[in-house]
Amino acid sequence: MTHNRKPDATRAGFEQLVTAARGDGRKLAALAEVARGAGSHRRTYQLATEAQALAPDDADVASIARELIADEVPSWHNNMLRDETRNRAFEAAIKRAVRPESRVLDIGAGTGLLAMMAARAGAGTVVSCEMNPAVADVATEIVALNGYADRVRVLSAKSTELDAETDLGGRADLIVSEIVSNNLLSEDVLPTMTDAVARLLAPGGRVIPESGQIVVSLADWDGYGEDEIEHVAGFDMRPFNRLMQHPLRLKVGDEGIELRGEPATLFGFDFASTEPWSGQRASVELIADGNYINGVIQWIRLKLDARTSYENRPRPDTRSSWAALFLPFEREIAPPPGTRIRVEGAHDGHRVRIWVDERLIPA
């Protein structure tokens with residue numbers, strides 16, 4: 001049982017350095033950088049914030065602290081706030097679900113937007129949890145700035161750390177979340193909702209969104225290959241292209257995307273369910289329309305409630321905070337109309353893989 005002593009000793013030694021540096025903003029900023037290197041995100045934020053407060057007039061310390069704090073905040077928050085279609089869809093569903101004195105849990109506070117929507121719709125109390133401490137602090141400030149501090153409380157914690165009675169004052173009548181990613185799953189929506197529904201939702205309570213789908217379609221994207229490397233300084237670099245990350249992230253409004261044939265749902269998930277989701281596989285057959293295709297494109301669809309859905313289906317002049325994911329073929333092909341192309345998928349509850357066996361596609 002000695003294998004844990006070194007990490008424990010390292011942490012203890014680090015905290016001794018922190019204690020010795022109390023009152024010195026420069027030293028604490030340096031230790032915050034050490035904490036970031038060790039992957040301790042919460043400690044990084046704590047030390048950077050303390051350093052900032054201790055040396056408000058030190059531009060060097062302010063620069064270090066600002067960089068450390070900003071590095072911990074995903075840039076997609078800005079895109080989400082600008083996604084007006086998404087915002088309207090969520091608010092419409094929230095308004096229909098909230099009743100006077102409803103107890104609401106918002107998982108993944110972000111800026112506090114959905115929590116404030118619930119409060120504006122008449123919820124009695126809203127608890128919003130956010131695992132990123134920097135984001136949680138700013139959300140608290142935004143909530144107060146907009147006059148909802150009396151009904152919205154932001155906790156810097158994961159939903160899995162919450163207790164229904166202690167933190168919520170009882171199980172929630174409504175759980176609102178938006179912890180879905182470009183492939184739907186990689187922000188851990190399934191394990192998070194499985195836990196939340198089982199422990200934190202009242203019997204008969206509602207969940208927004210109710211369900212989500214992973215949708216695929218045959219496609220032709222005219223931008224594929226533009227970023228490939230061929231020759232550099234007279235050397236052939238083409239083998240390096242095999243290391244390009246797939247799938248490729250595309251803006252859904254990219255005018256070079258042409259959907260070919262009808263899309264199909266590869267996976268569907270009921271977020272109000274507590275089913276185990278690991279080790280799932282699925283396949284669908286997509287039917288070619290006779291046009292050229294050079295890959296499969298994937299997007300997501302959210303059913304917020306019985307009346308409102310949101311999806312980031314690619315089409316011109318469309319914006320979404322979520323990207324579409326493009327899985328290119330080795331070559332562009334034009335299979336005869338009616339050709340069935342099997343798309344396979346697998347997930348482990350956290351990650352999604354989608355692929356096509358191109359050997360089975362007629363040239």
# chains A, B, ... in the order shown; residues from 1 in each chain; ligands from 1

call {"tool": "select_by_dssp", "arguments": {"residues": "range 234-285 of chain A", "states": "helix (DSSP H, G or I)", "output": "JSON, numbers by chain"}}
result
{"A": [238, 239, 240, 241, 242, 243]}

call {"tool": "select_by_dssp", "arguments": {"residues": "range 33-250 of chain A", "states": "strand (DSSP E)", "output": "number ranges by chain"}}
result
A: 103-107, 125-129, 152-155, 172-177, 201-208, 211-221, 231-232, 235-236, 248-250

call {"tool": "residues_around", "arguments": {"residues": "range 193-205 of chain A", "least_positions_apart": "3", "cutoff": "8 Å", "atoms": "only C-alpha atoms", "output": "ChimeraX atom specification"}}
result
/A:159-160,163-164,170-175,189-190,271-275

call {"tool": "write_last_selection", "arguments": {"atoms": "all heavy atoms", "output": "compact mmCIF listing (two decimals), in the first residue's frame"}}
result
# COMPACT_ATOMS: atom_id res chain seq x y z
N SER A 159 -22.76 17.88 -10.82
CA SER A 159 -24.07 17.41 -10.35
C SER A 159 -23.95 16.12 -9.57
O SER A 159 -24.74 15.86 -8.65
CB SER A 159 -25.03 17.22 -11.53
OG SER A 159 -24.54 16.23 -12.43
N THR A 160 -22.95 15.31 -9.89
CA THR A 160 -22.75 14.04 -9.17
C THR A 160 -22.31 14.26 -7.74
O THR A 160 -22.34 13.32 -6.93
CB THR A 160 -21.71 13.17 -9.90
OG1 THR A 160 -20.52 13.93 -10.11
CG2 THR A 160 -22.25 12.71 -11.26
N ASP A 163 -26.25 16.80 -3.24
CA ASP A 163 -27.21 16.04 -2.44
C ASP A 163 -28.57 16.72 -2.59
O ASP A 163 -28.68 17.95 -2.45
CB ASP A 163 -26.78 16.03 -0.97
CG ASP A 163 -27.79 15.32 -0.09
OD1 ASP A 163 -27.78 14.09 -0.05
OD2 ASP A 163 -28.60 16.02 0.55
N ALA A 164 -29.61 15.93 -2.85
CA ALA A 164 -30.92 16.51 -3.14
C ALA A 164 -31.43 17.37 -1.99
O ALA A 164 -31.94 18.47 -2.22
CB ALA A 164 -31.92 15.40 -3.46
N GLY A 170 -34.56 19.54 -1.61
CA GLY A 170 -35.52 18.53 -2.05
C GLY A 170 -35.31 18.24 -3.53
O GLY A 170 -34.66 19.00 -4.24
N ARG A 171 -35.85 17.14 -3.98
CA ARG A 171 -35.65 16.75 -5.37
C ARG A 171 -36.27 17.77 -6.33
O ARG A 171 -37.29 18.39 -6.04
CB ARG A 171 -36.24 15.37 -5.63
CG ARG A 171 -35.46 14.25 -4.93
CD ARG A 171 -35.92 12.90 -5.41
NE ARG A 171 -35.09 11.83 -4.87
CZ ARG A 171 -34.67 10.78 -5.56
NH1 ARG A 171 -35.02 10.64 -6.83
NH2 ARG A 171 -33.92 9.85 -5.01
N ALA A 172 -35.64 17.91 -7.48
CA ALA A 172 -36.05 18.93 -8.46
C ALA A 172 -37.30 18.49 -9.22
O ALA A 172 -37.46 17.31 -9.56
CB ALA A 172 -34.92 19.20 -9.44
N ASP A 173 -38.16 19.45 -9.51
CA ASP A 173 -39.32 19.20 -10.39
C ASP A 173 -38.91 19.21 -11.85
O ASP A 173 -39.57 18.60 -12.69
CB ASP A 173 -40.38 20.28 -10.16
CG ASP A 173 -40.80 20.38 -8.71
OD1 ASP A 173 -41.27 19.37 -8.16
OD2 ASP A 173 -40.63 21.47 -8.12
N LEU A 174 -37.81 19.91 -12.15
CA LEU A 174 -37.34 20.05 -13.52
C LEU A 174 -35.82 20.07 -13.52
O LEU A 174 -35.21 20.79 -12.72
CB LEU A 174 -37.88 21.34 -14.15
CG LEU A 174 -37.32 21.73 -15.52
CD1 LEU A 174 -37.73 20.73 -16.58
CD2 LEU A 174 -37.78 23.15 -15.90
N ILE A 175 -35.23 19.27 -14.39
CA ILE A 175 -33.79 19.33 -14.63
C ILE A 175 -33.56 19.84 -16.04
O ILE A 175 -34.09 19.30 -17.00
CB ILE A 175 -33.12 17.94 -14.46
CG1 ILE A 175 -33.20 17.48 -13.00
CG2 ILE A 175 -31.66 18.01 -14.90
CD1 ILE A 175 -32.59 16.11 -12.76
N VAL A 189 -23.02 13.41 -21.07
CA VAL A 189 -24.44 13.62 -20.81
C VAL A 189 -25.11 12.35 -20.30
O VAL A 189 -26.00 12.42 -19.44
CB VAL A 189 -25.15 14.17 -22.07
CG1 VAL A 189 -25.09 13.17 -23.22
CG2 VAL A 189 -26.59 14.54 -21.77
N LEU A 190 -24.72 11.18 -20.79
CA LEU A 190 -25.41 9.94 -20.38
C LEU A 190 -25.16 9.59 -18.91
O LEU A 190 -26.12 9.42 -18.15
CB LEU A 190 -25.04 8.78 -21.30
CG LEU A 190 -25.50 8.90 -22.75
CD1 LEU A 190 -25.20 7.60 -23.50
CD2 LEU A 190 -26.98 9.22 -22.85
N PHE A 271 -32.91 10.86 -22.25
CA PHE A 271 -32.13 11.40 -21.15
C PHE A 271 -32.83 11.25 -19.80
O PHE A 271 -32.20 11.43 -18.75
CB PHE A 271 -31.80 12.87 -21.40
CG PHE A 271 -30.91 13.10 -22.58
CD1 PHE A 271 -31.07 14.22 -23.38
CD2 PHE A 271 -29.92 12.19 -22.91
CE1 PHE A 271 -30.25 14.43 -24.48
CE2 PHE A 271 -29.09 12.39 -24.01
CZ PHE A 271 -29.26 13.52 -24.80
N ALA A 272 -34.12 10.95 -19.81
CA ALA A 272 -34.83 10.73 -18.55
C ALA A 272 -34.73 9.28 -18.09
O ALA A 272 -35.29 8.91 -17.07
CB ALA A 272 -36.30 11.12 -18.70
N SER A 273 -34.01 8.47 -18.86
CA SER A 273 -33.86 7.05 -18.53
C SER A 273 -32.65 6.84 -17.64
O SER A 273 -31.71 7.64 -17.64
CB SER A 273 -33.70 6.23 -19.81
OG SER A 273 -33.36 4.90 -19.52
N THR A 274 -32.66 5.77 -16.87
CA THR A 274 -31.49 5.40 -16.06
C THR A 274 -30.89 4.10 -16.57
O THR A 274 -30.25 3.37 -15.82
CB THR A 274 -31.88 5.25 -14.58
OG1 THR A 274 -32.95 4.29 -14.46
CG2 THR A 274 -32.34 6.57 -14.00
N GLU A 275 -31.06 3.84 -17.85
CA GLU A 275 -30.50 2.62 -18.42
C GLU A 275 -28.98 2.68 -18.46
O GLU A 275 -28.40 3.75 -18.58
CB GLU A 275 -31.00 2.44 -19.87
CG GLU A 275 -32.48 2.18 -20.00
CD GLU A 275 -32.87 1.95 -21.46
OE1 GLU A 275 -32.00 1.51 -22.22
OE2 GLU A 275 -34.02 2.23 -21.80

call {"tool": "closest_atom_pairs", "arguments": {"of": "range 202-283 of chain A", "to": "range 349-354 of chain A", "cutoff": "9 Å", "atoms": "only C-alpha atoms", "output": "tab-separated table"}}
result
residue	atom	partner	partner_atom	distance
A:Pro247	CA	A:Ile354	CA	8.8
A:Pro276	CA	A:Gly349	CA	8.4
A:Trp277	CA	A:Gly349	CA	5.4
A:Ser278	CA	A:Gly349	CA	5.0
A:Gly279	CA	A:Gly349	CA	7.4
A:Gln280	CA	A:Gly349	CA	8.0

call {"tool": "residues_around", "arguments": {"residues": "range 146-158 of chain A", "least_positions_apart": "3", "cutoff": "6 Å", "atoms": "only C-alpha atoms", "output": "JSON, numbers by chain"}}
result
{"A": [125, 126, 127, 128, 129, 130, 131, 133, 136, 140, 143, 161]}

call {"tool": "residues_around", "arguments": {"residues": "Glu332 in chain A", "least_positions_apart": "3", "cutoff": "7 Å", "atoms": "only C-alpha atoms", "output": "ChimeraX atom specification"}}
result
/A:292-294,329

call {"tool": "closest_residue", "arguments": {"among": "A:Thr85, A:Thr111, A:Ala219, A:Ala134", "to": "Thr49 in chain A", "atoms": "only C-alpha atoms"}}
result
A:Ala134

call {"tool": "closest_atom_pairs", "arguments": {"of": "range 190-275 of chain A", "to": "range 300-306 of chain A", "cutoff": "7 Å", "atoms": "only C-alpha atoms", "output": "JSON lines"}}
result
{"residue": "A:Ile208", "atom": "CA", "partner": "A:Leu304", "partner_atom": "CA", "distance": 5.2}
{"residue": "A:Pro209", "atom": "CA", "partner": "A:Leu304", "partner_atom": "CA", "distance": 3.9}
{"residue": "A:Glu210", "atom": "CA", "partner": "A:Leu304", "partner_atom": "CA", "distance": 5.4}
{"residue": "A:Ser211", "atom": "CA", "partner": "A:Lys303", "partner_atom": "CA", "distance": 5.3}
{"residue": "A:Gly212", "atom": "CA", "partner": "A:Leu302", "partner_atom": "CA", "distance": 4.5}
{"residue": "A:Gln213", "atom": "CA", "partner": "A:Arg301", "partner_atom": "CA", "distance": 5.1}
{"residue": "A:Ile214", "atom": "CA", "partner": "A:Ile300", "partner_atom": "CA", "distance": 4.9}
{"residue": "A:Val215", "atom": "CA", "partner": "A:Ile300", "partner_atom": "CA", "distance": 5.8}

call {"tool": "closest_residue", "arguments": {"among": "A:Arg313, A:Leu184, A:Leu248, A:Ile341", "to": "Gly268 in chain A", "atoms": "only C-alpha atoms"}}
result
A:Leu184
